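Q: Input model-v3.cif, format and content: mmCIF, C-alpha atoms and all ligand atoms.
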```
data_model
#
loop_
_atom_site.group_PDB
_atom_site.id
_atom_site.type_symbol
_atom_site.label_atom_id
_atom_site.label_comp_id
_atom_site.auth_asym_id
_atom_site.auth_seq_id
_atom_site.Cartn_x
_atom_site.Cartn_y
_atom_site.Cartn_z
ATOM 1 C CA MET K 1 163.059 98.357 112.122
ATOM 2 C CA SER K 2 162.677 99.449 115.735
ATOM 3 C CA ASP K 3 161.318 97.076 118.379
ATOM 4 C CA SER K 4 158.037 98.954 118.762
ATOM 5 C CA ASN K 5 157.428 98.851 114.997
ATOM 6 C CA ARG K 6 158.156 95.123 114.929
ATOM 7 C CA ILE K 7 155.581 94.550 117.704
ATOM 8 C CA ILE K 8 152.950 96.507 115.753
ATOM 9 C CA VAL K 9 153.635 94.429 112.598
ATOM 10 C CA ILE K 10 153.386 91.168 114.568
ATOM 11 C CA VAL K 11 150.093 92.254 116.185
ATOM 12 C CA VAL K 12 148.619 93.265 112.806
ATOM 13 C CA VAL K 13 149.688 89.957 111.204
ATOM 14 C CA CYS K 14 148.217 88.017 114.143
ATOM 15 C CA ILE K 15 144.883 89.837 113.894
ATOM 16 C CA PHE K 16 144.785 89.212 110.135
ATOM 17 C CA GLY K 17 145.630 85.542 110.576
ATOM 18 C CA LEU K 18 142.988 85.130 113.241
ATOM 19 C CA GLY K 19 140.406 86.806 111.021
ATOM 20 C CA ILE K 20 141.197 84.463 108.153
ATOM 21 C CA LEU K 21 141.090 81.437 110.463
ATOM 22 C CA VAL K 22 137.687 82.493 111.839
ATOM 23 C CA GLY K 23 136.400 83.068 108.312
ATOM 24 C CA VAL K 24 137.638 79.706 107.065
ATOM 25 C CA GLY K 25 136.233 78.059 110.215
ATOM 26 C CA GLU K 26 132.816 79.545 109.647
ATOM 27 C CA LEU K 27 132.883 78.523 106.009
ATOM 28 C CA LEU K 28 133.807 74.939 106.917
ATOM 29 C CA PHE K 29 131.115 74.876 109.575
ATOM 30 C CA GLY K 30 128.561 76.133 107.046
ATOM 31 C CA ILE K 31 129.530 73.451 104.518
ATOM 32 C CA CYS K 32 129.404 70.739 107.204
ATOM 33 C CA TRP K 33 125.989 72.013 108.312
ATOM 34 C CA LEU K 34 124.699 71.871 104.752
ATOM 35 C CA ILE K 35 125.947 68.306 104.338
ATOM 36 C CA PHE K 36 125.030 66.937 107.744
ATOM 37 C CA GLN K 37 121.861 68.803 108.595
ATOM 38 C CA PRO K 38 119.636 66.650 106.342
ATOM 39 C CA VAL K 39 121.371 63.576 107.791
ATOM 40 C CA PHE K 40 120.605 64.734 111.349
ATOM 41 C CA GLU K 41 117.060 65.517 110.340
ATOM 42 C CA SER K 42 116.500 62.115 108.835
ATOM 43 C CA ILE K 43 118.045 60.408 111.898
ATOM 44 C CA LYS K 44 115.743 62.472 114.114
ATOM 45 C CA SER K 45 112.637 61.722 112.079
ATOM 46 C CA LYS K 46 113.495 57.994 111.955
ATOM 47 C CA ARG K 47 113.836 58.043 115.723
ATOM 48 C CA LEU K 48 110.506 59.811 116.069
ATOM 49 C CA GLU K 49 108.916 57.266 113.722
ATOM 50 C CA LYS K 50 110.172 54.481 115.958
ATOM 51 C CA VAL K 51 108.833 56.241 119.040
ATOM 52 C CA ALA K 52 105.524 56.817 117.274
ATOM 53 C CA LYS K 53 105.173 53.134 116.361
ATOM 54 C CA LYS K 54 105.499 52.103 119.971
ATOM 55 C CA SER K 55 103.490 54.949 121.466
ATOM 56 C CA PRO K 56 99.898 54.205 122.476
ATOM 57 C CA LEU K 57 99.353 57.958 122.910
ATOM 58 C CA TYR K 58 100.289 58.508 119.270
ATOM 59 C CA GLN K 59 97.783 55.840 118.237
ATOM 60 C CA GLU K 60 95.171 57.621 120.318
ATOM 61 C CA LEU K 61 96.033 60.885 118.614
ATOM 62 C CA LEU K 62 95.640 59.291 115.162
ATOM 63 C CA GLU K 63 92.188 58.061 116.147
ATOM 64 C CA LEU K 64 91.304 61.513 117.461
ATOM 65 C CA ASN K 65 92.528 63.184 114.263
ATOM 66 C CA ALA K 66 90.395 60.833 112.180
ATOM 67 C CA GLU K 67 87.308 61.975 114.066
ATOM 68 C CA TYR K 68 87.821 65.633 113.265
ATOM 69 C CA GLU K 69 87.167 66.982 109.815
ATOM 70 C CA PHE K 70 88.222 70.599 109.631
ATOM 71 C CA LYS K 71 87.337 72.706 106.611
ATOM 72 C CA PRO K 72 90.233 73.235 104.229
ATOM 73 C CA VAL K 73 90.552 76.987 103.697
ATOM 74 C CA LYS K 74 93.443 79.068 102.432
ATOM 75 C CA ASP K 75 94.624 81.472 105.108
ATOM 76 C CA THR K 76 95.543 84.401 102.838
ATOM 77 C CA PHE K 77 94.043 85.916 99.705
ATOM 78 C CA THR K 78 95.823 88.761 97.957
ATOM 79 C CA PHE K 79 94.125 91.226 95.621
ATOM 80 C CA THR K 80 96.400 93.499 93.643
ATOM 81 C CA THR K 81 95.538 96.737 91.895
ATOM 82 C CA GLU K 82 97.948 98.302 89.402
ATOM 83 C CA THR K 83 97.702 102.085 89.338
ATOM 84 C CA SER K 84 98.580 104.059 86.256
ATOM 85 C CA SER K 85 99.950 107.137 88.030
ATOM 86 C CA LYS K 86 101.925 107.967 91.133
ATOM 87 C CA ARG K 87 99.115 110.218 92.269
ATOM 88 C CA GLU K 88 96.566 107.429 92.014
ATOM 89 C CA TYR K 89 98.998 105.245 93.986
ATOM 90 C CA ASP K 90 99.425 107.885 96.712
ATOM 91 C CA ASP K 91 95.682 108.540 97.007
ATOM 92 C CA PHE K 92 94.743 104.865 96.992
ATOM 93 C CA ASP K 93 91.869 104.213 99.391
ATOM 94 C CA PHE K 94 92.385 100.746 100.873
ATOM 95 C CA ASP K 95 89.066 100.639 102.740
ATOM 96 C CA ALA K 96 87.118 101.601 99.617
ATOM 97 C CA GLN K 97 88.947 98.976 97.555
ATOM 98 C CA PHE K 98 88.330 96.397 100.273
ATOM 99 C CA GLY K 99 84.626 97.279 100.000
ATOM 100 C CA VAL K 100 84.694 96.706 96.229
ATOM 101 C CA ILE K 101 86.533 93.382 96.664
ATOM 102 C CA CYS K 102 84.031 92.261 99.339
ATOM 103 C CA GLU K 103 81.154 93.121 97.034
ATOM 104 C CA LYS K 104 82.657 91.172 94.116
ATOM 105 C CA ASN K 105 83.562 88.115 96.193
ATOM 106 C CA LYS K 106 80.835 88.180 98.783
ATOM 107 C CA LYS K 107 79.677 84.640 98.170
ATOM 108 C CA ASP K 108 83.202 83.204 98.540
ATOM 109 C CA PHE K 109 84.094 85.444 101.482
ATOM 110 C CA ARG K 110 80.945 84.480 103.374
ATOM 111 C CA ALA K 111 81.800 80.825 102.797
ATOM 112 C CA TYR K 112 85.373 81.349 104.100
ATOM 113 C CA ALA K 113 84.049 83.208 107.144
ATOM 114 C CA ASP K 114 81.662 80.322 107.852
ATOM 115 C CA ASP K 115 84.475 77.803 107.392
ATOM 116 C CA VAL K 116 86.831 79.514 109.843
ATOM 117 C CA GLU K 117 84.027 79.943 112.349
ATOM 118 C CA PHE K 118 83.314 76.236 112.030
ATOM 119 C CA ASN K 119 87.026 75.426 112.454
ATOM 120 C CA ASN K 120 87.343 77.685 115.499
ATOM 121 C CA LYS K 121 84.433 76.029 117.260
ATOM 122 C CA LEU K 122 85.642 72.540 116.436
ATOM 123 C CA LEU K 123 89.216 73.408 117.372
ATOM 124 C CA SER K 124 88.428 74.277 120.972
ATOM 125 C CA GLN K 125 86.769 70.888 121.336
ATOM 126 C CA TYR K 126 89.707 69.170 119.588
ATOM 127 C CA ASN K 127 92.225 70.981 121.807
ATOM 128 C CA ARG K 128 90.492 69.774 124.963
ATOM 129 C CA GLU K 129 90.720 66.171 123.784
ATOM 130 C CA TYR K 130 94.263 66.657 122.510
ATOM 131 C CA ASN K 131 95.362 68.052 125.880
ATOM 132 C CA ARG K 132 93.921 65.005 127.592
ATOM 133 C CA ILE K 133 96.308 62.846 125.512
ATOM 134 C CA LYS K 134 99.234 65.232 125.870
ATOM 135 C CA GLU K 135 98.950 65.363 129.663
ATOM 136 C CA ARG K 136 99.950 61.711 129.789
ATOM 137 C CA ALA K 137 103.204 62.143 127.837
ATOM 138 C CA LYS K 138 106.479 62.950 129.587
ATOM 139 C CA PRO K 139 107.362 66.660 129.151
ATOM 140 C CA HIS K 140 110.172 67.316 126.636
ATOM 141 C CA SER K 141 110.214 63.628 125.628
ATOM 142 C CA ALA K 142 110.450 62.281 122.072
ATOM 143 C CA GLU K 143 106.872 61.081 122.462
ATOM 144 C CA MET K 144 105.784 64.638 123.258
ATOM 145 C CA SER K 145 107.534 65.837 120.033
ATOM 146 C CA VAL K 146 105.655 63.166 118.074
ATOM 147 C CA LEU K 147 102.342 64.354 119.511
ATOM 148 C CA GLU K 148 103.071 68.046 118.870
ATOM 149 C CA LYS K 149 104.155 67.274 115.318
ATOM 150 C CA ASN K 150 100.963 65.395 114.522
ATOM 151 C CA LYS K 151 98.522 67.742 116.184
ATOM 152 C CA LEU K 152 95.990 69.122 113.694
ATOM 153 C CA CYS K 153 96.390 72.841 112.920
ATOM 154 C CA PRO K 154 93.369 73.991 110.905
ATOM 155 C CA VAL K 155 93.072 77.474 109.451
ATOM 156 C CA THR K 156 91.227 79.615 111.990
ATOM 157 C CA THR K 157 91.551 82.998 110.368
ATOM 158 C CA VAL K 158 91.592 84.222 106.789
ATOM 159 C CA THR K 159 93.445 87.377 105.865
ATOM 160 C CA ILE K 160 92.532 89.467 102.850
ATOM 161 C CA VAL K 161 95.523 91.433 101.613
ATOM 162 C CA VAL K 162 94.709 94.499 99.533
ATOM 163 C CA GLN K 163 97.797 95.435 97.590
ATOM 164 C CA VAL K 164 98.467 98.360 95.288
ATOM 165 C CA LYS K 165 101.351 98.639 92.842
ATOM 166 C CA TYR K 166 102.774 101.364 90.720
ATOM 167 C CA HIS K 167 105.682 101.334 88.328
ATOM 168 C CA SER K 168 106.832 104.264 86.263
ATOM 169 C CA PRO K 169 106.833 103.822 82.441
ATOM 170 C CA LYS K 170 110.470 102.726 82.263
ATOM 171 C CA PHE K 171 110.347 100.729 85.479
ATOM 172 C CA LYS K 172 112.658 103.239 87.183
ATOM 173 C CA THR K 173 110.411 103.260 90.243
ATOM 174 C CA ARG K 174 108.512 100.304 91.505
ATOM 175 C CA LEU K 175 106.274 100.907 94.464
ATOM 176 C CA ASN K 176 103.934 98.703 96.340
ATOM 177 C CA LYS K 177 102.042 98.885 99.600
ATOM 178 C CA SER K 178 99.360 96.795 101.218
ATOM 179 C CA ASN K 179 96.782 96.587 103.980
ATOM 180 C CA LYS K 180 95.508 93.478 105.697
ATOM 181 C CA TYR K 181 91.902 92.779 106.624
ATOM 182 C CA ASP K 182 90.528 89.966 108.696
ATOM 183 C CA ILE K 183 87.711 87.954 107.107
ATOM 184 C CA SER K 184 85.499 88.897 110.081
ATOM 185 C CA ARG K 185 85.369 92.453 108.702
ATOM 186 C CA VAL K 186 83.661 91.337 105.501
ATOM 187 C CA GLY K 187 80.187 91.182 107.071
ATOM 188 C CA VAL K 188 80.458 94.660 108.592
ATOM 189 C CA THR K 189 81.835 96.102 105.355
ATOM 190 C CA LEU K 190 79.043 94.576 103.256
ATOM 191 C CA ASP K 191 76.381 95.757 105.719
ATOM 192 C CA HIS K 192 77.871 99.245 105.657
ATOM 193 C CA ALA K 193 77.967 99.270 101.829
ATOM 194 C CA ALA K 194 74.337 98.053 101.678
ATOM 195 C CA LYS K 195 73.284 100.787 104.133
ATOM 196 C CA MET K 196 75.098 103.450 102.093
ATOM 197 C CA ARG K 197 73.449 102.182 98.905
ATOM 198 C CA LYS K 198 70.017 102.238 100.548
ATOM 199 C CA GLU K 199 70.570 105.785 101.821
ATOM 200 C CA TYR K 200 71.761 106.901 98.401
ATOM 201 C CA HIS K 201 68.663 105.486 96.665
ATOM 202 C CA ALA K 202 66.339 106.945 99.315
ATOM 203 C CA ARG K 203 67.975 110.372 98.813
ATOM 204 C CA ARG K 204 67.644 110.054 95.037
ATOM 205 C CA ARG K 205 63.969 109.168 95.348
ATOM 206 C CA PHE K 206 63.393 112.128 97.706
ATOM 207 C CA ILE K 207 65.098 114.569 95.308
ATOM 208 C CA GLU K 208 63.129 113.279 92.296
ATOM 209 C CA ARG K 209 59.838 113.521 94.183
ATOM 210 C CA GLU K 210 60.491 117.052 95.503
ATOM 211 C CA ARG K 211 61.594 118.262 92.049
ATOM 212 C CA SER K 212 58.449 116.827 90.457
ATOM 213 C CA LEU K 213 56.331 118.788 92.956
ATOM 214 C CA MET K 214 57.660 122.057 91.528
ATOM 215 C CA THR K 215 54.748 122.760 89.162
ATOM 216 C CA GLU K 216 54.068 125.841 87.080
ATOM 217 C CA SER K 217 51.128 126.767 89.301
ATOM 218 C CA LEU K 218 53.176 126.488 92.508
ATOM 219 C CA ARG K 219 55.890 128.631 90.848
ATOM 220 C CA TYR K 220 53.262 131.271 90.044
ATOM 221 C CA GLU K 221 51.916 131.181 93.651
ATOM 222 C CA VAL K 222 55.423 131.875 95.028
ATOM 223 C CA LEU K 223 56.055 134.754 92.579
ATOM 224 C CA ARG K 224 52.689 136.257 93.438
ATOM 225 C CA ARG K 225 53.268 135.951 97.201
ATOM 226 C CA ASP K 226 56.642 137.742 96.812
ATOM 227 C CA ASN K 227 55.070 140.503 94.669
ATOM 228 C CA PHE K 228 57.105 139.391 91.615
ATOM 229 C CA ARG K 229 60.291 140.785 93.227
ATOM 230 C CA CYS K 230 63.620 139.258 94.192
ATOM 231 C CA VAL K 231 63.366 138.941 97.984
ATOM 232 C CA ILE K 232 67.078 139.817 98.364
ATOM 233 C CA CYS K 233 67.705 142.790 96.046
ATOM 234 C CA GLY K 234 64.126 143.784 95.149
ATOM 235 C CA ALA K 235 64.680 143.571 91.378
ATOM 236 C CA THR K 236 61.652 142.903 89.151
ATOM 237 C CA ALA K 237 61.125 141.746 85.581
ATOM 238 C CA GLU K 238 60.850 145.424 84.652
ATOM 239 C CA ASP K 239 64.541 145.824 85.630
ATOM 240 C CA GLY K 240 65.310 143.310 82.928
ATOM 241 C CA VAL K 241 66.079 140.411 85.276
ATOM 242 C CA LEU K 242 64.781 136.881 85.116
ATOM 243 C CA LEU K 243 63.014 135.785 88.292
ATOM 244 C CA HIS K 244 63.598 132.302 89.657
ATOM 245 C CA VAL K 245 61.806 130.326 92.306
ATOM 246 C CA ASP K 246 64.434 129.112 94.762
ATOM 247 C CA HIS K 247 64.411 126.433 97.468
ATOM 248 C CA ILE K 248 65.676 128.211 100.634
ATOM 249 C CA LYS K 249 66.954 124.874 101.922
ATOM 250 C CA PRO K 250 68.118 123.046 98.774
ATOM 251 C CA VAL K 251 66.422 119.770 97.863
ATOM 252 C CA SER K 252 69.862 118.120 97.831
ATOM 253 C CA LYS K 253 70.093 118.986 101.532
ATOM 254 C CA GLY K 254 66.637 117.740 102.454
ATOM 255 C CA GLY K 255 64.621 120.903 101.649
ATOM 256 C CA LYS K 256 61.003 120.312 100.630
ATOM 257 C CA THR K 257 59.010 121.797 97.770
ATOM 258 C CA GLU K 258 56.469 123.735 99.832
ATOM 259 C CA MET K 259 55.547 127.410 100.078
ATOM 260 C CA SER K 260 57.458 127.966 103.348
ATOM 261 C CA ASN K 261 60.692 126.722 101.720
ATOM 262 C CA LEU K 262 60.282 128.628 98.448
ATOM 263 C CA ARG K 263 61.034 132.236 97.526
ATOM 264 C CA THR K 264 61.571 134.486 94.540
ATOM 265 C CA LEU K 265 65.144 135.348 93.577
ATOM 266 C CA CYS K 266 66.563 137.174 90.575
ATOM 267 C CA GLU K 267 69.033 135.262 88.421
ATOM 268 C CA ARG K 268 72.056 137.072 89.913
ATOM 269 C CA CYS K 269 71.115 136.524 93.562
ATOM 270 C CA ASN K 270 70.255 132.918 92.828
ATOM 271 C CA ARG K 271 73.571 132.254 91.104
ATOM 272 C CA GLY K 272 75.444 133.799 94.049
ATOM 273 C CA LYS K 273 73.651 131.559 96.482
ATOM 274 C CA SER K 274 74.060 128.350 94.486
ATOM 275 C CA ASP K 275 73.167 125.370 96.728
ATOM 276 C CA ARG K 276 74.563 126.907 99.912
ATOM 277 C CA TYR K 277 72.515 126.601 103.029
ATOM 278 C CA TYR K 278 73.462 127.638 106.572
ATOM 279 C CA GLU K 279 71.378 125.825 109.153
ATOM 280 C CA GLY K 280 69.751 128.216 111.634
ATOM 281 C CA GLU K 281 70.960 131.379 109.835
ATOM 282 C CA LEU K 282 69.512 133.797 107.321
ATOM 283 C CA ASN K 283 69.838 132.272 103.850
HETATM 284 ZN ZN ZN L 1 68.210 139.743 93.415
#
```
Hey, can you dump this file as structure tokens for me?
A:
Amino acid sequence: MSDSNRIIVIVVVCIFGLGILVGVGELLFGICWLIFQPVFESIKSKRLEKVAKKSPLYQELLELNAEYEFKPVKDTFTFTTETSSKREYDDFDFDAQFGVICEKNKKDFRAYADDVEFNNKLLSQYNREYNRIKERAKPHSAEMSVLEKNKLCPVTTVTIVVQVKYHSPKFKTRLNKSNKYDISRVGVTLDHAAKMRKEYHARRRFIERERSLMTESLRYEVLRRDNFRCVICGATAEDGVLLHVDHIKPVSKGGKTEMSNLRTLCERCNRGKSDRYYEGELN
């Protein structure tokens, strides 16, 4: 073996050896950490307990904590929907589902929203008093750790997680995605849903009323005014067509049942028009 080859072998062996040593070292360190970490923790907490016993600031904090009764609320609620097809999963409308969930749980959600609002208000007051105690502790001292550890941390925001899952029949694909909503959005969402519902019912009532106004006598008046001819192609009953009375602006789009919005159309012209309406143009 030449000298240069020997050097290469030695270098490779050294690198290997070092690697193994580092690996073994890390392993030993990990094991030691696992064994000693709880010991360190318990020593630390015992020390803090001792500090706490002697600390008048800690006693003050305990008294302060006893004065404050925050509402116990969970900070996250997850609602999961299982979809039966990939397409349904892809097209999933989170906002719409959030609306449905809000509607179903509105009583609970309103209560959670009230609870976090209550906690938020109370917390700012608590923090002011807590800071007054904290100011008197030495920075970075064990006493400061005791205070920080025993400070009250109420839930101040609730998150609604809307989750959707899909798995293919043989579980080859498992998909899931989610969207998060703050509880403060519940009110707006419910108001919006109520407004939409109101608008929908108002529109339904309008359509029913306008349709009921379409009487036989009004129909006859329109046909007579238009000389019993289709106003588009001029066809009459004598040409073998059926004449219809059409709303120029459809009722579904806000058109009223009154002479000025009615006209005679033959069946063909009426079918071609369907419920199309072009605002400000010839229709
Ligand atoms: Zn016609």
Q: Tell me, as a ChimeraX atom specification, which residues lie within 7 Å of Thr83 in chain K, counting only C-alpha atoms; anything in the same chain fewer than 4 positions away does not count.
A: /K:88-89,165-166
Q: What lies within 8 Å of Val231 in chain K using all atoms listed in the file, ignoring chain neighbours under 2 positions off, as a PyMOL selection string?
A: chain K and resi 226+229+233-234+263-265
Q: Could you check how far CA of Arg136 in chain K sits from CA of Gln59 in chain K, in Å to one decimal?
A: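 Taking CA of Arg136 in chain K and CA of Gln59 in chain K, their separation equals 13.1 Å.
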Q: Give me the chain K side of the contact with ligand ZN 1 (chain L), cut-off 10 Å, one line per residue showing its nearest atom pair and distance in Å at one decimal, counting only C-alpha atoms and all ligand atoms, sorted by chain and residue number, as a tab-separated table.
A:
```
residue	atom	partner	partner_atom	distance
K:Arg229	CA	L:ZN1	ZN	8.0
K:Cys230	CA	L:ZN1	ZN	4.7
K:Val231	CA	L:ZN1	ZN	6.7
K:Ile232	CA	L:ZN1	ZN	5.1
K:Cys233	CA	L:ZN1	ZN	4.1
K:Gly234	CA	L:ZN1	ZN	6.0
K:Ala235	CA	L:ZN1	ZN	5.6
K:Thr236	CA	L:ZN1	ZN	8.4
K:Val241	CA	L:ZN1	ZN	8.4
K:Leu242	CA	L:ZN1	ZN	9.4
K:Leu243	CA	L:ZN1	ZN	8.3
K:His244	CA	L:ZN1	ZN	9.5
K:Thr264	CA	L:ZN1	ZN	8.5
K:Leu265	CA	L:ZN1	ZN	5.4
K:Cys266	CA	L:ZN1	ZN	4.2
K:Glu267	CA	L:ZN1	ZN	6.8
K:Arg268	CA	L:ZN1	ZN	5.8
K:Cys269	CA	L:ZN1	ZN	4.3
K:Asn270	CA	L:ZN1	ZN	7.1
K:Arg271	CA	L:ZN1	ZN	9.5
K:Gly272	CA	L:ZN1	ZN	9.4
```
Q: Which residue is closest to Phe98 in chain K? Choose from K:Gly280, K:Pro250, K:Gly17, K:Gly187 and count only C-alpha atoms.
A: K:Gly187
Q: Pick the closest to His192 in chain K from K:Val100, K:Asp239, K:Leu122, K:Asn179: which is it, counting all atoms listed in the file?
A: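 Under the stated criterion, the closest residue is K:Val100.
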Q: Near Asn176 in chain K, within 12 Å and counting only C-alpha atoms, which residues show up once chain neighbours fewer than 3 positions away are dropped, as a list of chain:residue names?
A: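 The residues that qualify are K:Thr80, K:Thr81, K:Glu82, K:Thr83, K:Lys86, K:Tyr89, K:Asp90, K:Phe92, K:Val162, K:Gln163, K:Val164, K:Lys165, K:Tyr166, K:His167, K:Ser168, K:Thr173, K:Asn179.
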Q: List, as JSON, numbers by chain, every residue that the PyMOL selection byres (((chain K and resi 148) around 12) and not hetatm) selects in the file provided.
A: {"K": [48, 52, 57, 58, 61, 127, 130, 131, 133, 134, 135, 137, 139, 140, 141, 142, 143, 144, 145, 146, 147, 149, 150, 151, 152, 153]}
Q: Written as a list of chain:residue names, which residues does the PyMOL selection byres (((chain K and resi 207) around 12) and not hetatm) give for the file shown?
A: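 Against this file, the PyMOL selection byres (((chain K and resi 207) around 12) and not hetatm) returns the residues K:Tyr200, K:His201, K:Ala202, K:Arg203, K:Arg204, K:Arg205, K:Phe206, K:Glu208, K:Arg209, K:Glu210, K:Arg211, K:Ser212, K:Leu213, K:Met214, K:Pro250, K:Val251, K:Ser252, K:Lys253, K:Gly254, K:Gly255, K:Lys256, K:Thr257.
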